[in-house]
>>> print(open('work.cif').read())   # mmCIF, C-alpha atoms
data_protein
loop_
_atom_site.label_atom_id
_atom_site.label_comp_id
_atom_site.auth_asym_id
_atom_site.auth_seq_id
_atom_site.Cartn_x
_atom_site.Cartn_y
_atom_site.Cartn_z
CA MET Q 26 173.31 59.18 213.96
CA SER Q 27 171.86 56.85 216.57
CA SER Q 28 172.33 53.14 216.18
CA PRO Q 29 169.22 51.01 215.51
CA LYS Q 30 167.50 49.46 218.51
CA ARG Q 31 168.65 45.90 219.07
CA GLU Q 32 166.10 43.23 219.85
CA PRO Q 33 166.92 40.82 222.72
CA ILE Q 34 168.49 37.54 221.69
CA VAL Q 35 166.34 34.51 222.45
CA GLY Q 36 167.27 33.23 225.90
CA GLN Q 37 169.10 36.44 226.83
CA PHE Q 38 168.62 37.66 230.40
CA VAL Q 39 166.57 40.89 230.29
CA LYS Q 40 165.48 42.02 233.75
CA GLU Q 41 165.51 41.04 237.42
CA ILE Q 42 162.70 42.25 239.67
CA LYS Q 43 163.23 42.35 243.42
CA GLY Q 44 161.16 43.41 246.43
CA HIS Q 45 159.59 40.39 248.11
CA LEU Q 46 160.92 39.44 251.54
CA GLN Q 47 159.65 35.86 251.31
CA ARG Q 48 159.28 33.22 248.61
CA VAL Q 49 157.49 34.33 245.42
CA GLN Q 50 154.63 31.92 244.83
CA CYS Q 51 152.95 33.23 241.69
CA MET Q 52 152.67 36.04 239.17
CA ASP Q 53 150.56 37.21 236.24
CA LEU Q 54 150.75 39.93 233.61
CA VAL Q 55 148.05 42.53 234.25
CA GLY Q 56 147.98 45.13 231.47
CA GLU Q 57 151.37 46.84 231.60
CA THR Q 58 152.17 45.58 235.08
CA VAL Q 59 153.27 42.35 236.74
CA TRP Q 60 151.46 41.24 239.91
CA SER Q 61 153.37 38.78 242.11
CA GLY Q 62 152.25 37.07 245.32
CA SER Q 63 154.42 35.79 248.15
CA SER Q 64 154.34 33.46 251.14
CA HIS Q 65 154.32 36.56 253.36
CA GLY Q 66 150.81 37.45 252.25
CA THR Q 67 151.86 40.42 250.12
CA ILE Q 68 151.27 41.28 246.47
CA LEU Q 69 153.79 43.49 244.69
CA ILE Q 70 153.03 45.36 241.46
CA HIS Q 71 155.87 46.27 239.06
CA ASN Q 72 156.02 47.89 235.65
CA ALA Q 73 156.35 45.03 233.17
CA THR Q 74 158.69 46.95 230.85
CA THR Q 75 161.03 48.74 233.24
CA GLY Q 76 160.70 46.49 236.29
CA GLU Q 77 160.10 49.54 238.46
CA TYR Q 78 158.12 49.15 241.70
CA VAL Q 79 154.54 50.49 241.46
CA SER Q 80 152.77 49.52 244.68
CA LYS Q 81 152.27 46.92 247.40
CA LEU Q 82 149.00 45.27 248.44
CA GLN Q 83 148.22 43.27 251.55
CA ALA Q 84 145.74 40.44 251.20
CA PRO Q 85 143.15 40.31 253.97
CA GLY Q 86 143.66 37.57 256.56
CA LYS Q 87 146.66 35.91 258.14
CA ALA Q 88 149.48 37.81 256.45
CA LEU Q 89 152.30 35.71 257.92
CA GLU Q 90 150.77 32.32 257.14
CA GLU Q 91 153.10 30.16 255.09
CA ASP Q 92 152.28 30.02 251.36
CA TYR Q 93 149.46 32.50 251.86
CA ILE Q 94 149.25 33.89 248.31
CA VAL Q 95 149.27 30.78 246.12
CA CYS Q 96 147.96 31.94 242.72
CA VAL Q 97 146.97 35.13 240.87
CA LYS Q 98 144.93 35.56 237.69
CA ALA Q 99 143.97 38.68 235.72
CA VAL Q 100 140.21 38.71 235.04
CA ASN Q 101 139.00 41.72 233.01
CA THR Q 102 139.63 44.76 235.27
CA PHE Q 103 140.15 42.60 238.34
CA VAL Q 104 142.87 40.36 239.71
CA TRP Q 105 141.82 37.19 241.55
CA CYS Q 106 144.20 35.90 244.22
CA GLY Q 107 143.90 32.41 245.69
CA ALA Q 108 145.09 31.91 249.27
CA SER Q 109 146.17 28.99 251.41
CA ASP Q 110 143.26 29.52 253.85
CA GLY Q 111 140.73 28.70 251.10
CA THR Q 112 139.71 32.28 250.26
CA ILE Q 113 139.82 34.05 246.90
CA ASN Q 114 140.47 37.79 247.15
CA VAL Q 115 139.33 39.91 244.20
CA PHE Q 116 141.26 43.17 243.69
CA SER Q 117 140.62 46.04 241.29
CA SER Q 118 143.49 46.16 238.80
CA LEU Q 119 142.98 49.93 238.56
CA SER Q 120 142.84 51.01 242.22
CA GLY Q 121 144.30 47.99 244.01
CA GLU Q 122 141.28 47.91 246.33
CA CYS Q 123 140.04 44.50 247.49
CA LYS Q 124 136.50 44.38 246.11
CA ALA Q 125 135.40 40.94 247.30
CA GLN Q 126 136.45 37.87 249.25
CA LEU Q 127 134.97 34.63 247.93
CA LEU Q 128 134.43 31.81 250.42
CA GLY Q 129 133.63 28.14 249.98
CA HIS Q 130 136.84 26.17 249.57
CA THR Q 131 137.96 24.39 252.75
CA GLY Q 132 141.53 23.87 251.53
CA SER Q 133 144.22 25.96 249.90
CA VAL Q 134 143.23 27.55 246.56
CA ASN Q 135 146.09 26.25 244.44
CA CYS Q 136 145.12 27.36 240.92
CA LEU Q 137 142.83 29.64 238.93
CA ALA Q 138 141.81 29.39 235.27
CA LEU Q 139 139.62 31.46 232.96
CA GLY Q 140 136.58 30.17 231.10
CA ARG Q 141 133.92 31.99 229.06
CA GLY Q 142 132.65 34.52 231.56
CA THR Q 143 133.79 32.28 234.40
CA VAL Q 144 136.73 31.67 236.71
CA TRP Q 145 137.58 28.14 237.84
CA SER Q 146 139.48 27.32 241.04
CA GLY Q 147 141.20 24.12 242.17
CA SER Q 148 141.81 23.38 245.83
CA GLY Q 149 143.35 21.24 248.50
CA ASP Q 150 139.80 20.22 249.43
CA LYS Q 151 139.90 18.04 246.23
CA SER Q 152 137.19 20.08 244.49
CA ILE Q 153 136.99 22.39 241.48
CA ARG Q 154 134.69 25.40 241.72
CA CYS Q 155 133.25 27.56 238.95
CA TRP Q 156 132.52 31.25 239.66
CA ASP Q 157 130.85 33.98 237.64
CA ALA Q 158 133.68 36.29 236.52
CA GLU Q 159 131.67 39.49 237.06
CA SER Q 160 129.57 38.85 240.17
CA GLY Q 161 131.73 36.24 241.91
CA LYS Q 162 128.67 34.00 242.34
CA LEU Q 163 129.40 30.29 242.77
CA LEU Q 164 128.00 28.42 239.76
CA LYS Q 165 129.25 24.84 240.02
CA ILE Q 166 131.31 22.41 242.11
CA LEU Q 167 133.07 19.47 240.44
CA THR Q 168 134.29 16.49 242.44
CA GLY Q 169 136.20 13.40 241.36
CA HIS Q 170 139.80 13.85 242.43
CA THR Q 171 140.85 12.00 245.58
CA ASN Q 172 143.66 14.39 246.56
CA TRP Q 173 144.68 18.04 246.20
CA VAL Q 174 143.91 19.72 242.87
CA ARG Q 175 147.14 21.48 241.80
CA CYS Q 176 146.54 22.86 238.30
CA LEU Q 177 143.72 23.69 235.87
CA LEU Q 178 143.33 24.34 232.16
CA VAL Q 179 140.02 25.49 230.63
CA PHE Q 180 139.40 25.66 226.89
CA ASP Q 181 136.51 25.17 224.46
CA GLY Q 182 134.17 23.55 226.96
CA ARG Q 183 136.80 21.17 228.33
CA ILE Q 184 138.72 21.26 231.59
CA TRP Q 185 141.98 19.52 232.35
CA SER Q 186 142.82 19.25 236.06
CA GLY Q 187 146.01 17.89 237.64
CA SER Q 188 146.09 16.41 241.12
CA ASP Q 189 148.18 14.76 243.81
CA ASP Q 190 146.10 11.61 243.18
CA SER Q 191 148.45 10.62 240.30
CA SER Q 192 146.05 11.69 237.57
CA ILE Q 193 145.08 14.35 235.10
CA ARG Q 194 141.30 14.48 234.67
CA VAL Q 195 139.60 15.62 231.46
CA TRP Q 196 136.14 17.10 232.07
CA HIS Q 197 133.39 17.79 229.54
CA HIS Q 198 129.78 18.88 229.84
CA ASP Q 199 126.99 16.68 228.52
CA ARG Q 200 123.51 18.20 228.25
CA ALA Q 201 121.88 14.99 229.43
CA THR Q 202 124.21 13.92 232.24
CA GLY Q 203 126.00 17.15 233.23
CA TRP Q 204 129.75 17.32 233.86
CA GLN Q 205 131.62 14.04 233.30
CA SER Q 206 135.33 13.25 233.60
CA ARG Q 207 137.86 10.56 232.79
CA ALA Q 208 141.18 10.09 234.51
CA LEU Q 209 144.50 9.92 232.65
CA PRO Q 210 147.07 8.20 234.91
CA LEU Q 211 150.38 10.02 235.35
CA SER Q 212 152.22 6.81 236.22
CA GLU Q 213 151.43 3.10 236.20
CA SER Q 214 152.68 2.62 239.78
CA GLY Q 215 150.79 5.61 241.23
CA GLY Q 216 152.11 8.16 243.67
CA ALA Q 217 152.75 10.86 241.07
CA LYS Q 218 151.71 14.47 241.68
CA ALA Q 219 150.85 16.99 238.96
CA THR Q 220 152.21 20.55 239.20
CA MET Q 221 151.42 22.24 235.86
CA VAL Q 222 149.32 21.78 232.73
CA CYS Q 223 149.18 23.87 229.51
CA TRP Q 224 147.84 23.80 225.92
CA SER Q 225 149.80 24.22 222.71
CA ALA Q 226 148.96 27.22 220.50
CA ASP Q 227 146.63 25.23 218.21
CA ASP Q 228 145.29 22.90 220.94
CA ARG Q 229 146.89 19.82 219.37
CA PHE Q 230 148.88 19.05 222.51
CA VAL Q 231 148.36 19.18 226.26
CA ILE Q 232 151.54 19.16 228.33
CA GLY Q 233 151.61 18.28 232.00
CA ALA Q 234 154.40 18.47 234.58
CA ALA Q 235 154.56 16.04 237.49
CA HIS Q 236 156.93 14.19 239.83
CA ASP Q 237 156.80 10.63 241.15
CA ARG Q 238 156.88 9.36 244.74
CA LYS Q 239 160.69 9.65 244.72
CA GLU Q 240 160.46 13.33 243.67
CA VAL Q 241 161.75 12.50 240.16
CA PRO Q 242 160.18 15.03 237.76
CA PHE Q 243 158.82 14.34 234.29
CA LEU Q 244 156.67 15.94 231.60
CA LYS Q 245 153.94 14.22 229.61
CA VAL Q 246 152.59 15.27 226.21
CA TRP Q 247 149.04 14.18 225.35
CA ASP Q 248 146.99 14.42 222.19
CA GLY Q 249 144.60 17.30 222.92
CA GLN Q 250 141.59 15.51 221.42
CA SER Q 251 142.01 11.82 222.21
CA GLY Q 252 144.00 12.10 225.45
CA ALA Q 253 146.56 9.57 224.19
CA VAL Q 254 150.07 9.89 225.65
CA LEU Q 255 152.52 10.95 222.95
CA HIS Q 256 155.75 11.52 224.90
CA THR Q 257 157.21 11.28 228.41
CA LEU Q 258 160.08 13.74 228.86
CA ALA Q 259 162.62 13.36 231.68
CA GLN Q 260 165.26 16.05 231.20
CA HIS Q 261 164.65 17.99 234.45
CA ARG Q 262 166.24 16.84 237.71
CA LEU Q 263 164.00 18.70 240.19
CA ARG Q 264 160.32 19.71 240.20
CA VAL Q 265 158.96 21.74 237.29
CA PHE Q 266 156.77 24.69 238.25
CA VAL Q 267 156.85 26.83 235.09
CA MET Q 268 155.51 25.89 231.65
CA ASP Q 269 154.47 28.15 228.81
CA PRO Q 270 153.56 27.42 225.16
CA HIS Q 271 154.90 29.41 222.22
CA PRO Q 272 152.23 31.98 221.19
CA THR Q 273 152.21 30.95 217.51
CA ASP Q 274 154.25 27.78 216.96
CA SER Q 275 152.18 24.90 218.38
CA ARG Q 276 155.18 22.58 218.51
CA ILE Q 277 157.18 24.71 220.94
CA PHE Q 278 156.87 25.11 224.71
CA LEU Q 279 159.12 26.12 227.60
CA SER Q 280 159.64 24.51 231.00
CA ALA Q 281 161.63 25.61 234.05
CA GLY Q 282 162.30 23.83 237.32
CA TYR Q 283 163.93 24.00 240.73
CA ASP Q 284 167.03 22.45 239.15
CA GLY Q 285 167.74 25.86 237.57
CA GLN Q 286 167.15 24.57 234.05
CA VAL Q 287 165.11 26.40 231.43
CA ILE Q 288 164.33 24.11 228.50
CA ILE Q 289 162.63 24.85 225.17
CA TRP Q 290 160.98 21.73 223.73
CA ASN Q 291 159.52 20.44 220.50
CA ALA Q 292 156.27 18.84 221.72
CA GLU Q 293 155.63 17.15 218.39
CA ALA Q 294 158.98 15.35 218.33
CA GLY Q 295 159.37 15.09 222.10
CA VAL Q 296 162.92 16.47 222.12
CA PRO Q 297 164.66 19.48 223.77
CA LEU Q 298 165.73 22.26 221.40
CA TRP Q 299 167.58 24.55 223.80
CA GLN Q 300 168.69 24.38 227.44
CA HIS Q 301 169.98 26.98 229.86
CA ARG Q 302 171.14 26.65 233.45
#
>>> encode(input="work.cif", output="structure tokens")
Amino acid sequence: MSSPKREPIVGQFVKEIKGHLQRVQCMDLVGETVWSGSSHGTILIHNATTGEYVSKLQAPGKALEEDYIVCVKAVNTFVWCGASDGTINVFSSLSGECKAQLLGHTGSVNCLALGRGTVWSGSGDKSIRCWDAESGKLLKILTGHTNWVRCLLVFDGRIWSGSDDSSIRVWHHDRATGWQSRALPLSESGGAKATMVCWSADDRFVIGAAHDRKEVPFLKVWDGQSGAVLHTLAQHRLRVFVMDPHPTDSRIFLSAGYDGQVIIWNAEAGVPLWQHR
């Protein structure tokens, strides 16, 4: 008689995926596969369950340029890849063929986010662009940040954007005046740079990761409606580049940084629940 299948313990190491020859910049879950982009200009596709290698794609352009593949995002049956030369390459998730190359940004495409039938991109040219998800047509350009845009979050008609200008901006669309934004300062003294932003499961909280001018990292928790700061969390010792909310429990989110720490937090209370290094 076979023994029952054991479920992984929370926090237990499950799988290591190898293959890239240079730094892994980004990844996204695409159906039953994981797409990861590197600073060598390559995209590797692995089976999400087994970790087995599936295929390798080469993004058009300067393959050896540093930080070439900066972000990837699954969009319907396509995968959008932002590059450091300002281009967005659109691949078929079925064939791996590059179907389009979207031009317009004059700085690195640092982040991609999904809206309703749209894809939003943030760039080193300080702008945010909105594209039609099906045709790739440019629909809108938002300006307001005074430095690189590093991260984006789009939900329910609102956009949260994090920048090197020491702010998180909250954007909303008004029928009379168009897109408007207000800046939420990351620090009173300035000099802070945002790296990540995410929602909680029920949209009560927005969590942002940043570091100050001395490279000291911190997380901020905002009220998702009012924008009021609820908590400033300073458990990490080096930059945070991974954050993910719990899929059902709105209080819980995870962060991971270059200090090797993985921390599970209670956003409501502003306290760590579990740490691993």
>>> closest_residue(input="work.cif", among="Q:Val79, Q:Ala158, Q:Leu255, Q:Val265", to="Val115 (chain Q)", atoms="all atoms listed in the file")
Q:Ala158
>>> closest_residue(input="work.cif", among="Q:Arg154, Q:Arg48, Q:Lys245, Q:His198", to="Trp224 (chain Q)", atoms="all atoms listed in the file")
Q:Lys245
>>> closest_residue(input="work.cif", among="Q:Val55, Q:Ala108, Q:Thr143, Q:Asp150", to="Thr67 (chain Q)", atoms="only C-alpha atoms")
Q:Ala108
>>> resolve_selection(input="work.cif", expression="the PyMOL selection byres ((chain Q and resi 278-285) around 10)", output="JSON, numbers by chain")
{"Q": [221, 223, 224, 225, 226, 232, 234, 242, 244, 261, 262, 263, 264, 265, 266, 267, 268, 269, 270, 271, 272, 274, 275, 276, 277, 286, 287, 288, 289, 290, 291, 292, 297, 298, 299, 300, 301, 302]}
>>> write_last_selection(input="work.cif", atoms="C-alpha atoms", output="PDB file, in the coordinates of the input")
ATOM      1  CA  MET Q 221     151.420  22.240 235.860  1.00  0.00           C
ATOM      2  CA  CYS Q 223     149.180  23.870 229.510  1.00  0.00           C
ATOM      3  CA  TRP Q 224     147.840  23.800 225.920  1.00  0.00           C
ATOM      4  CA  SER Q 225     149.800  24.220 222.710  1.00  0.00           C
ATOM      5  CA  ALA Q 226     148.960  27.220 220.500  1.00  0.00           C
ATOM      6  CA  ILE Q 232     151.540  19.160 228.330  1.00  0.00           C
ATOM      7  CA  ALA Q 234     154.400  18.470 234.580  1.00  0.00           C
ATOM      8  CA  PRO Q 242     160.180  15.030 237.760  1.00  0.00           C
ATOM      9  CA  LEU Q 244     156.670  15.940 231.600  1.00  0.00           C
ATOM     10  CA  HIS Q 261     164.650  17.990 234.450  1.00  0.00           C
ATOM     11  CA  ARG Q 262     166.240  16.840 237.710  1.00  0.00           C
ATOM     12  CA  LEU Q 263     164.000  18.700 240.190  1.00  0.00           C
ATOM     13  CA  ARG Q 264     160.320  19.710 240.200  1.00  0.00           C
ATOM     14  CA  VAL Q 265     158.960  21.740 237.290  1.00  0.00           C
ATOM     15  CA  PHE Q 266     156.770  24.690 238.250  1.00  0.00           C
ATOM     16  CA  VAL Q 267     156.850  26.830 235.090  1.00  0.00           C
ATOM     17  CA  MET Q 268     155.510  25.890 231.650  1.00  0.00           C
ATOM     18  CA  ASP Q 269     154.470  28.150 228.810  1.00  0.00           C
ATOM     19  CA  PRO Q 270     153.560  27.420 225.160  1.00  0.00           C
ATOM     20  CA  HIS Q 271     154.900  29.410 222.220  1.00  0.00           C
ATOM     21  CA  PRO Q 272     152.230  31.980 221.190  1.00  0.00           C
ATOM     22  CA  ASP Q 274     154.250  27.780 216.960  1.00  0.00           C
ATOM     23  CA  SER Q 275     152.180  24.900 218.380  1.00  0.00           C
ATOM     24  CA  ARG Q 276     155.180  22.580 218.510  1.00  0.00           C
ATOM     25  CA  ILE Q 277     157.180  24.710 220.940  1.00  0.00           C
ATOM     26  CA  GLN Q 286     167.150  24.570 234.050  1.00  0.00           C
ATOM     27  CA  VAL Q 287     165.110  26.400 231.430  1.00  0.00           C
ATOM     28  CA  ILE Q 288     164.330  24.110 228.500  1.00  0.00           C
ATOM     29  CA  ILE Q 289     162.630  24.850 225.170  1.00  0.00           C
ATOM     30  CA  TRP Q 290     160.980  21.730 223.730  1.00  0.00           C
ATOM     31  CA  ASN Q 291     159.520  20.440 220.500  1.00  0.00           C
ATOM     32  CA  ALA Q 292     156.270  18.840 221.720  1.00  0.00           C
ATOM     33  CA  PRO Q 297     164.660  19.480 223.770  1.00  0.00           C
ATOM     34  CA  LEU Q 298     165.730  22.260 221.400  1.00  0.00           C
ATOM     35  CA  TRP Q 299     167.580  24.550 223.800  1.00  0.00           C
ATOM     36  CA  GLN Q 300     168.690  24.380 227.440  1.00  0.00           C
ATOM     37  CA  HIS Q 301     169.980  26.980 229.860  1.00  0.00           C
ATOM     38  CA  ARG Q 302     171.140  26.650 233.450  1.00  0.00           C
TER      39      ARG Q 302
END
>>> resolve_selection(input="work.cif", expression="the PyMOL selection byres ((chain Q and resi 195) around 6)", output="ChimeraX atom specification")
/Q:184-185,194,196,206-207
>>> write_last_selection(input="work.cif", atoms="C-alpha atoms", output="PDB file, keeping the file's coordinate frame")
ATOM      1  CA  ILE Q 184     138.720  21.260 231.590  1.00  0.00           C
ATOM      2  CA  TRP Q 185     141.980  19.520 232.350  1.00  0.00           C
ATOM      3  CA  ARG Q 194     141.300  14.480 234.670  1.00  0.00           C
ATOM      4  CA  TRP Q 196     136.140  17.100 232.070  1.00  0.00           C
ATOM      5  CA  SER Q 206     135.330  13.250 233.600  1.00  0.00           C
ATOM      6  CA  ARG Q 207     137.860  10.560 232.790  1.00  0.00           C
TER       7      ARG Q 207
END
>>> residues_near_point(input="work.cif", point="(142.4, 21.4, 229.4)", cutoff="10 Å", atoms="all atoms listed in the file", output="PDB file with C-alpha atoms, keeping the file's coordinate frame")
ATOM      1  CA  ALA Q 138     141.810  29.390 235.270  1.00  0.00           C
ATOM      2  CA  CYS Q 176     146.540  22.860 238.300  1.00  0.00           C
ATOM      3  CA  LEU Q 177     143.720  23.690 235.870  1.00  0.00           C
ATOM      4  CA  LEU Q 178     143.330  24.340 232.160  1.00  0.00           C
ATOM      5  CA  VAL Q 179     140.020  25.490 230.630  1.00  0.00           C
ATOM      6  CA  PHE Q 180     139.400  25.660 226.890  1.00  0.00           C
ATOM      7  CA  ASP Q 181     136.510  25.170 224.460  1.00  0.00           C
ATOM      8  CA  GLY Q 182     134.170  23.550 226.960  1.00  0.00           C
ATOM      9  CA  ARG Q 183     136.800  21.170 228.330  1.00  0.00           C
ATOM     10  CA  ILE Q 184     138.720  21.260 231.590  1.00  0.00           C
ATOM     11  CA  TRP Q 185     141.980  19.520 232.350  1.00  0.00           C
ATOM     12  CA  SER Q 186     142.820  19.250 236.060  1.00  0.00           C
ATOM     13  CA  GLY Q 187     146.010  17.890 237.640  1.00  0.00           C
ATOM     14  CA  ILE Q 193     145.080  14.350 235.100  1.00  0.00           C
ATOM     15  CA  ARG Q 194     141.300  14.480 234.670  1.00  0.00           C
ATOM     16  CA  VAL Q 195     139.600  15.620 231.460  1.00  0.00           C
ATOM     17  CA  TRP Q 196     136.140  17.100 232.070  1.00  0.00           C
ATOM     18  CA  HIS Q 197     133.390  17.790 229.540  1.00  0.00           C
ATOM     19  CA  VAL Q 222     149.320  21.780 232.730  1.00  0.00           C
ATOM     20  CA  CYS Q 223     149.180  23.870 229.510  1.00  0.00           C
ATOM     21  CA  TRP Q 224     147.840  23.800 225.920  1.00  0.00           C
ATOM     22  CA  ASP Q 228     145.290  22.900 220.940  1.00  0.00           C
ATOM     23  CA  PHE Q 230     148.880  19.050 222.510  1.00  0.00           C
ATOM     24  CA  VAL Q 231     148.360  19.180 226.260  1.00  0.00           C
ATOM     25  CA  ILE Q 232     151.540  19.160 228.330  1.00  0.00           C
ATOM     26  CA  GLY Q 249     144.600  17.300 222.920  1.00  0.00           C
ATOM     27  CA  GLN Q 250     141.590  15.510 221.420  1.00  0.00           C
TER      28      GLN Q 250
END
>>> closest_residue(input="work.cif", among="Q:Ile42, Q:Gly215, Q:Cys106, Q:Ser63", to="Gly76 (chain Q)", atoms="only C-alpha atoms")
Q:Ile42
>>> residues_near_point(input="work.cif", point="(151.6, 47.8, 231.2)", cutoff="8 Å", atoms="only C-alpha atoms", output="VMD selection string")
chain Q and resid 55 to 59 72 to 74
>>> closest_residue(input="work.cif", among="Q:Glu159, Q:Glu213, Q:Asp53, Q:Asp237", to="Ala259 (chain Q)", atoms="all atoms listed in the file")
Q:Asp237
>>> closest_residue(input="work.cif", among="Q:Ile153, Q:Ser160, Q:Met52, Q:Ala253", to="Lys98 (chain Q)", atoms="all atoms listed in the file")
Q:Met52
>>> resolve_selection(input="work.cif", expression="the PyMOL selection byres ((chain Q and resi 136) around 6)", output="NGL selection string")
:Q and (96 or 134-135 or 137 or 146-147 or 176)
>>> atom_distance(input="work.cif", atom1="CA of Leu209 (chain Q)", atom2="CA of Arg229 (chain Q)")
16.7 Å
>>> build_atoms(input="work.cif", residues="region 229-243 of chain Q", atoms="N, CA and C atoms", output="JSON list (two decimals), keeping the file's coordinate frame")
[["chain", "number", "residue", "atom", "x", "y", "z"],
["Q", 229, "ARG", "N", 146.58, 21.21, 219.74],
["Q", 229, "ARG", "CA", 146.89, 19.82, 219.37],
["Q", 229, "ARG", "C", 147.45, 19.03, 220.54],
["Q", 230, "PHE", "N", 148.19, 19.74, 221.42],
["Q", 230, "PHE", "CA", 148.88, 19.05, 222.51],
["Q", 230, "PHE", "C", 148.47, 19.63, 223.86],
["Q", 231, "VAL", "N", 148.44, 18.77, 224.85],
["Q", 231, "VAL", "CA", 148.36, 19.18, 226.26],
["Q", 231, "VAL", "C", 149.62, 18.66, 226.94],
["Q", 232, "ILE", "N", 150.29, 19.53, 227.66],
["Q", 232, "ILE", "CA", 151.54, 19.16, 228.33],
["Q", 232, "ILE", "C", 151.36, 19.29, 229.82],
["Q", 233, "GLY", "N", 151.72, 18.26, 230.55],
["Q", 233, "GLY", "CA", 151.61, 18.28, 232.00],
["Q", 233, "GLY", "C", 152.95, 18.03, 232.67],
["Q", 234, "ALA", "N", 153.18, 18.69, 233.79],
["Q", 234, "ALA", "CA", 154.40, 18.47, 234.58],
["Q", 234, "ALA", "C", 154.02, 17.75, 235.86],
["Q", 235, "ALA", "N", 154.85, 16.82, 236.29],
["Q", 235, "ALA", "CA", 154.56, 16.04, 237.49],
["Q", 235, "ALA", "C", 155.87, 15.51, 238.07],
["Q", 236, "HIS", "N", 155.79, 14.90, 239.25],
["Q", 236, "HIS", "CA", 156.93, 14.19, 239.83],
["Q", 236, "HIS", "C", 156.40, 12.94, 240.52],
["Q", 237, "ASP", "N", 157.24, 11.89, 240.56],
["Q", 237, "ASP", "CA", 156.80, 10.63, 241.15],
["Q", 237, "ASP", "C", 157.04, 10.61, 242.65],
["Q", 238, "ARG", "N", 156.78, 9.47, 243.28],
["Q", 238, "ARG", "CA", 156.88, 9.36, 244.74],
["Q", 238, "ARG", "C", 158.31, 9.56, 245.25],
["Q", 239, "LYS", "N", 159.29, 9.41, 244.35],
["Q", 239, "LYS", "CA", 160.69, 9.65, 244.72],
["Q", 239, "LYS", "C", 161.14, 11.06, 244.35],
["Q", 240, "GLU", "N", 160.19, 11.93, 244.03],
["Q", 240, "GLU", "CA", 160.46, 13.33, 243.67],
["Q", 240, "GLU", "C", 161.17, 13.47, 242.33],
["Q", 241, "VAL", "N", 161.14, 12.43, 241.50],
["Q", 241, "VAL", "CA", 161.75, 12.50, 240.16],
["Q", 241, "VAL", "C", 160.75, 13.16, 239.22],
["Q", 242, "PRO", "N", 161.13, 14.31, 238.61],
["Q", 242, "PRO", "CA", 160.18, 15.03, 237.76],
["Q", 242, "PRO", "C", 160.10, 14.47, 236.35],
["Q", 243, "PHE", "N", 158.98, 14.71, 235.69],
["Q", 243, "PHE", "CA", 158.82, 14.34, 234.29],
["Q", 243, "PHE", "C", 157.69, 15.18, 233.67]]
